[in-house]
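To start, the structure itself, in structure tokens.
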Amino acid sequence: MSNVFSMMPPYAGLAMPVQNLKTCTVLKPELHMAAETVAARILLVILTGGFSGTGIVILYSFIYQKLCHIVYLFFFILFFLNLLWISFAAASAVVGLVFNRYHALWPESSAEGSRTAIVMPLYNENMQRCFAALESMAKELYKAGNAGFFEIVILSDSTDKDIIERELFLYGELKQRLFTVMPLWYRNREKNTGRKAGNIADFVRKWGARYDYMVILDADSIMSASTLDSLVRRMQGDHDLGILQTVPVLYGHMNFFARLQQFASRVYGRINAAGIAVWSGNDGNYWGHNAIIRMQAFAASCGLPVLAGRKPFGGYILSHDFVEAALIRRKNWKVKIASDLYGSWEESPPSLLDQTIRDRRWTQGNLQHMKVISAKGLVVCSRLHFLIGIMGYLSSVLWLLMMISGSFVMVSVSHRFSVTGINGLICCIRNSLQYTNMFGLFLYTMVILFLPKILGWAYTMLRTNQCHLCGGRAAITAGFLVEMFFSILFSPIMMLSNTGNIIEIISGQDSGWKSQRRDLQRLSWTEAWYAHKYQCCSGLIIAVLLFFYFPGYFFYYLPVLAGLIFAVPLSIMSSSKNAGNFFLLCGLLLIPEERGRIPLLSERDRIEGRSIACPSSAIHSGYYPKFFLWAVSAVLVGTAVKFLVN
């Protein structure tokens with residue numbers, strides 16, 4: 001191990017005691033809550049109650065006489081839980097819109113005298129891209145005159161010998177290039193105890209006293225010099241600030257799924273992030289990367305315990321970031337979200353399948369939080385963050401159960417209609433139209449569900465500069481419709497995938513620890529079929545049963561069924577770079593980084609030896625074939641009119 005430690009600075013250990021979740025000793029005074037935070041929380045509660053209460057009253061007025069039946073009662077409870085969940089998300093987006101012009105008055109001080117470690121944990125990753133990101137960040141800091149306040153620390157947990165050898169080679173090359181820029185350190189652990197959280201804890205316990213702060217990056221993260229400087233200045237100016245989390249936007253892949261995610265993060269993300277930031281106040285959250293952490297606060301508060309019981313609920317905490325934020329906050333350090341800093345990026349998974357694979361580990365980690373949410377001394381908002389994370393995955397199960405119970409309700413309503421075929425279709429449609437309250441409730445629920453997207457689109461449309469950078473109002477609107485369409489198709493696939501993950505976890509299957517696939521040309525039909533065959537078959541079976549036995553309800557379920565039936569080609573399309581390039585050439589799903597290249601990202605791509613931008617110079621100059629967008633729209637409208645006339 002001596003040759004490994006020789007690549008690190010001299011030992012400067014910092015005590016990091018393991019925290020007891022059943023007891024809590026707080027030595028710091030309680031923090032003051034800002035008036036804006038109080039107002040935002042009051043508005044959040046009122047809107048959540050109003051949105052969900054309205055829907056429940058409508059449903060109750062329609063089925064109150066039948067709530068004595070277990071199926072109706074079960075459906076009513078599930079509907080309430082699902083509506084409450086989406087109402088909270090909608091209310092948070094409204095809060096973000098209302099308070100979007102409010103920016104916290106960050107007390108700042110000079111970075112002079114501070115030392116910050118830019119920490120990048122690695123686990124069998126694409127090292128060339130990671131090292132290129134670190135080099136471009138170091139050079140930009142040097143040009144800005146701030147390199148003297150930072151050091152780069154690469155914490156490798158890689159287990160593949162060839163990858164470790166490659167890391168050492170790239171480290172040696174990068175150290176030579178950055179010799180006059182800033183210090184660069186590297187170490188590889190022999191035992192990966194505690195996974196990523198254990199990797200960082202090992203660094204803190206051995207070298208934490210050398211640094212005032214650490215900026216945690218993910219393997220696909222990159223941050224601008226101005227953002228890094230602002231983070232340090234804000235930590236210097238507020239000695240109660242324990243974690244300051246940026247809101248990273250997605251950028252870096254041409255796969256169609258990644259382009260959808262990148263567009264969504266740009267158009268909807270800021271409103272949602274602003275909402276979370278303002279109602280969280282000092283009780284914010286930490287997402288595991290693209291954040292700065294006060295070393296003293298982290299060491300004193302974040303020694304993670306090993307959860308009692310066997311895996312998957314017991315053992316090392318997988319989603320450690322939420323827990324670390326809650327533990328720092330319970331010691332009365334501030335945990336805040338800097339939604340006003342824009343120089344923070346990460347990459348999206350390259351396909352829908354890769355997203356579901358990543359969700360498998362996150363699902364297990366968030367379900368583990370059931371053992372942490374009741375920990376002694378946590379503030380209410382930290383418990384709420386845990387609940388939000390848990391519900392992010394349990395909502396898939398609730399949605400599926402609601403659809404199943406709703407189907408039984410549908411059967412009980414339609415049992416007297418025995419006519420099948422076309423006559424049955426007409427009869428059942430006529431019958432379903434009588435239930436205007438239920439149809440109105442359906443529309444109301446859809447509005448609440450998509451309200452965060454609608455508000456994000458409207459807010460972006462009102463910002464002239466942002467509209468220009470995303471291709472103009474027509475392109476943003478068309479992109480908004482494309483993203484909405486595919487998100488509807490992808491949602492049932494994700495629902496069944498998350499439900500399957502939860503079933504696996506409950507049955508005792510651990511997610512393990514595998515490196516993530518961060519780049520992909522296109523999924524093969526074999527891989528897509530193996531991953532989605534059960535979803536596809538179940539969609540086909542349900543569609544046939546509905547069409548022949550309950551044809552009047554077939555069209556209500558069509559959006560869900562279409563996503564399941566076409567799960568395989570949809571998954572392949574999501575991974576396709578050709579599909580991503582096609583929409584880019586059509587001027588759709590554009591993001592500002594593609595309209596005007598950012599020097600930091602261009603430098604990273606140059607160092608890595610390839611460009612991730614579309615090779616078409618027409619897009620970068622601002623001239624793309626808008627006529628194609630209007631031509632397609634004209635054809636679709638003409639086809640619809642002809643169909644209706646005939």
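Following the order of the structure tokens, chains are lettered A, B, ..., residues in each are numbered from 1, and ligands are numbered from 1.
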
Stretch 311-403 of chain A: residues DSSP assigns to strand (DSSP E), reported as a PDB file with N, CA and C atoms, in the first residue's frame:
```
ATOM      1  N   LYS A 334     -26.413  24.425   8.452  1.00  0.00           N
ATOM      2  CA  LYS A 334     -27.323  24.707   7.348  1.00  0.00           C
ATOM      3  C   LYS A 334     -27.043  23.767   6.179  1.00  0.00           C
ATOM      4  N   VAL A 335     -28.097  23.335   5.531  1.00  0.00           N
ATOM      5  CA  VAL A 335     -28.007  22.591   4.274  1.00  0.00           C
ATOM      6  C   VAL A 335     -28.874  23.354   3.276  1.00  0.00           C
ATOM      7  N   LYS A 336     -28.250  23.978   2.283  1.00  0.00           N
ATOM      8  CA  LYS A 336     -28.987  24.863   1.385  1.00  0.00           C
ATOM      9  C   LYS A 336     -28.784  24.451  -0.072  1.00  0.00           C
ATOM     10  N   ILE A 337     -29.720  24.879  -0.908  1.00  0.00           N
ATOM     11  CA  ILE A 337     -29.679  24.592  -2.346  1.00  0.00           C
ATOM     12  C   ILE A 337     -29.486  25.905  -3.083  1.00  0.00           C
ATOM     13  N   ALA A 338     -28.426  25.990  -3.867  1.00  0.00           N
ATOM     14  CA  ALA A 338     -28.109  27.207  -4.623  1.00  0.00           C
ATOM     15  C   ALA A 338     -28.695  27.084  -6.021  1.00  0.00           C
ATOM     16  N   SER A 344     -23.085  24.171 -13.491  1.00  0.00           N
ATOM     17  CA  SER A 344     -22.974  22.840 -12.902  1.00  0.00           C
ATOM     18  C   SER A 344     -23.676  21.854 -13.819  1.00  0.00           C
ATOM     19  N   TRP A 345     -22.947  20.819 -14.253  1.00  0.00           N
ATOM     20  CA  TRP A 345     -23.492  19.866 -15.226  1.00  0.00           C
ATOM     21  C   TRP A 345     -23.253  18.421 -14.782  1.00  0.00           C
ATOM     22  N   GLU A 346     -24.123  17.560 -15.250  1.00  0.00           N
ATOM     23  CA  GLU A 346     -23.931  16.115 -15.169  1.00  0.00           C
ATOM     24  C   GLU A 346     -24.543  15.501 -16.415  1.00  0.00           C
TER      25      GLU A 346
END
```

Surrounding residues of stretch 89-103 of chain A excluding itself and chain neighbours under 6 positions, 8 Å, only C-alpha atoms, as a ChimeraX atom specification: /A:40,43-44,47-48,51,271-276,278-279,340,448-452,455,459

Let me see the file: selected residues, N, CA and C atoms, as an mmCIF file, in the first residue's frame.
```
data_model
loop_
_atom_site.group_PDB
_atom_site.id
_atom_site.type_symbol
_atom_site.label_atom_id
_atom_site.label_comp_id
_atom_site.auth_asym_id
_atom_site.auth_seq_id
_atom_site.Cartn_x
_atom_site.Cartn_y
_atom_site.Cartn_z
ATOM 1 N N ALA A 40 -43.195 30.394 1.901
ATOM 2 C CA ALA A 40 -43.203 29.333 0.895
ATOM 3 C C ALA A 40 -43.814 28.051 1.449
ATOM 4 N N LEU A 43 -47.618 28.442 1.714
ATOM 5 C CA LEU A 43 -48.210 28.319 0.377
ATOM 6 C C LEU A 43 -48.171 26.875 -0.103
ATOM 7 N N LEU A 44 -47.086 26.170 0.179
ATOM 8 C CA LEU A 44 -46.961 24.766 -0.228
ATOM 9 C C LEU A 44 -48.050 23.915 0.409
ATOM 10 N N LEU A 47 -51.607 24.904 -1.085
ATOM 11 C CA LEU A 47 -51.804 24.417 -2.451
ATOM 12 C C LEU A 47 -51.923 22.897 -2.501
ATOM 13 N N THR A 48 -51.088 22.202 -1.739
ATOM 14 C CA THR A 48 -51.167 20.736 -1.717
ATOM 15 C C THR A 48 -52.532 20.280 -1.224
ATOM 16 N N PHE A 51 -55.252 21.325 -3.985
ATOM 17 C CA PHE A 51 -55.238 20.477 -5.183
ATOM 18 C C PHE A 51 -55.790 19.088 -4.893
ATOM 19 N N ILE A 271 -37.685 25.893 -12.427
ATOM 20 C CA ILE A 271 -38.856 26.202 -11.617
ATOM 21 C C ILE A 271 -38.969 25.222 -10.452
ATOM 22 N N ASN A 272 -38.822 23.922 -10.752
ATOM 23 C CA ASN A 272 -38.922 22.913 -9.700
ATOM 24 C C ASN A 272 -37.811 23.063 -8.672
ATOM 25 N N ALA A 273 -36.588 23.343 -9.137
ATOM 26 C CA ALA A 273 -35.465 23.514 -8.218
ATOM 27 C C ALA A 273 -35.652 24.745 -7.343
ATOM 28 N N ALA A 274 -36.160 25.829 -7.938
ATOM 29 C CA ALA A 274 -36.399 27.046 -7.165
ATOM 30 C C ALA A 274 -37.434 26.795 -6.070
ATOM 31 N N GLY A 275 -38.460 26.005 -6.392
ATOM 32 C CA GLY A 275 -39.469 25.678 -5.395
ATOM 33 C C GLY A 275 -38.889 24.907 -4.224
ATOM 34 N N ILE A 276 -38.127 23.859 -4.538
ATOM 35 C CA ILE A 276 -37.515 23.052 -3.472
ATOM 36 C C ILE A 276 -36.560 23.894 -2.641
ATOM 37 N N VAL A 278 -36.549 27.167 -2.029
ATOM 38 C CA VAL A 278 -37.122 28.203 -1.171
ATOM 39 C C VAL A 278 -37.915 27.610 -0.010
ATOM 40 N N TRP A 279 -38.664 26.505 -0.244
ATOM 41 C CA TRP A 279 -39.392 25.957 0.902
ATOM 42 C C TRP A 279 -38.502 25.111 1.809
ATOM 43 N N ASP A 340 -29.498 29.373 -7.937
ATOM 44 C CA ASP A 340 -29.136 30.514 -8.776
ATOM 45 C C ASP A 340 -27.782 30.350 -9.448
ATOM 46 N N ILE A 448 -53.144 18.411 -12.930
ATOM 47 C CA ILE A 448 -52.279 18.444 -11.741
ATOM 48 C C ILE A 448 -50.989 17.679 -12.002
ATOM 49 N N LEU A 449 -51.102 16.527 -12.683
ATOM 50 C CA LEU A 449 -49.930 15.703 -12.965
ATOM 51 C C LEU A 449 -48.911 16.444 -13.821
ATOM 52 N N PHE A 450 -49.390 17.140 -14.844
ATOM 53 C CA PHE A 450 -48.488 17.801 -15.783
ATOM 54 C C PHE A 450 -48.267 19.282 -15.468
ATOM 55 N N LEU A 451 -48.819 19.759 -14.364
ATOM 56 C CA LEU A 451 -48.673 21.173 -14.036
ATOM 57 C C LEU A 451 -47.212 21.608 -13.900
ATOM 58 N N PRO A 452 -46.315 20.831 -13.260
ATOM 59 C CA PRO A 452 -44.916 21.265 -13.206
ATOM 60 C C PRO A 452 -44.304 21.464 -14.586
ATOM 61 N N LEU A 455 -45.974 24.691 -16.214
ATOM 62 C CA LEU A 455 -45.438 25.922 -15.630
ATOM 63 C C LEU A 455 -44.011 26.174 -16.105
ATOM 64 N N TYR A 459 -42.958 29.454 -18.167
ATOM 65 C CA TYR A 459 -41.916 30.337 -17.639
ATOM 66 C C TYR A 459 -40.796 30.520 -18.655
#
```

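Closest approach to A:Leu387 among A:Ala277, A:Trp85, A:Tyr251, A:Ile404 is made by A:Trp85 (distances from only C-alpha atoms).
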
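Proximity of A:Thr54, A:Gln128, A:Thr460, A:Ser109 to A:Gln236, computed with only C-alpha atoms, is greatest for A:Ser109.
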
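Between atom CA of A:Met127 and atom CA of A:His289 lies a distance of 17.5 Å.
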
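Interatomic distance, atom CA of A:Arg270 to atom CA of A:Leu496: 28.7 Å.
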
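Summary of the local environment: counting only C-alpha atoms, residues at most 10 Å from A:His32, other than itself and those fewer than 3 positions away along its chain, are Pro29, Ala35 and Asn282 of chain A.
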
Polymer residues at most 10 Å from stretch 72-74 of chain A, only C-alpha atoms, same-chain spacing of 3 or more positions, as a ChimeraX atom specification: /A:63-69,77-80,401-402,405-406,408-409,412

Using only C-alpha atoms, what table do you get, as CSV, when you list each residue of stretch 222-274 of chain A with an atom no more than 12 Å from stretch 309-326 of chain A, its nearest pair of atoms, and their distance in Å rounded to one decimal, rows by chain then rising number?
```
residue,atom,partner,partner_atom,distance
A:Leu241,CA,A:Ala325,CA,11.6
A:Gly242,CA,A:Ala325,CA,8.7
A:Ile243,CA,A:Ala325,CA,7.4
A:Leu244,CA,A:Ala325,CA,10.1
A:Gln245,CA,A:Ala325,CA,10.1
```

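Those residues that approach A:Asp220 to within 7 Å, counting only C-alpha atoms, are A:Cys130, A:Asp218, A:Ile222, A:Glu346, A:Glu347; same-chain residues fewer than 2 positions away are not listed.
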
Shell of 6 Å around stretch 197-207 of chain A, only C-alpha atoms, local chain residues under 3 positions omitted, as a list of chain:residue names: A:Tyr11, A:Ala12, A:Gly13, A:Leu14, A:Ala15, A:Thr193, A:Gly194, A:Arg210

Every residue of stretch 240-316 of chain A that DSSP places in alpha helix (DSSP H), as a PyMOL selection string: chain A and resi 256-267+269-280+295-301

Close residues, A:Lys371 itself excluded, 10 Å, only C-alpha atoms, min 2 positions apart in chain, as a list in words: Leu21, Leu307, Ala308, Phe313, Gly314, Asn366, Leu367, Gln368, His369, Ile373, Ser374 and Ala375 of chain A

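For the pair atom CA of A:Ala543 and atom CA of A:Trp529, the interatomic distance is 19.1 Å.
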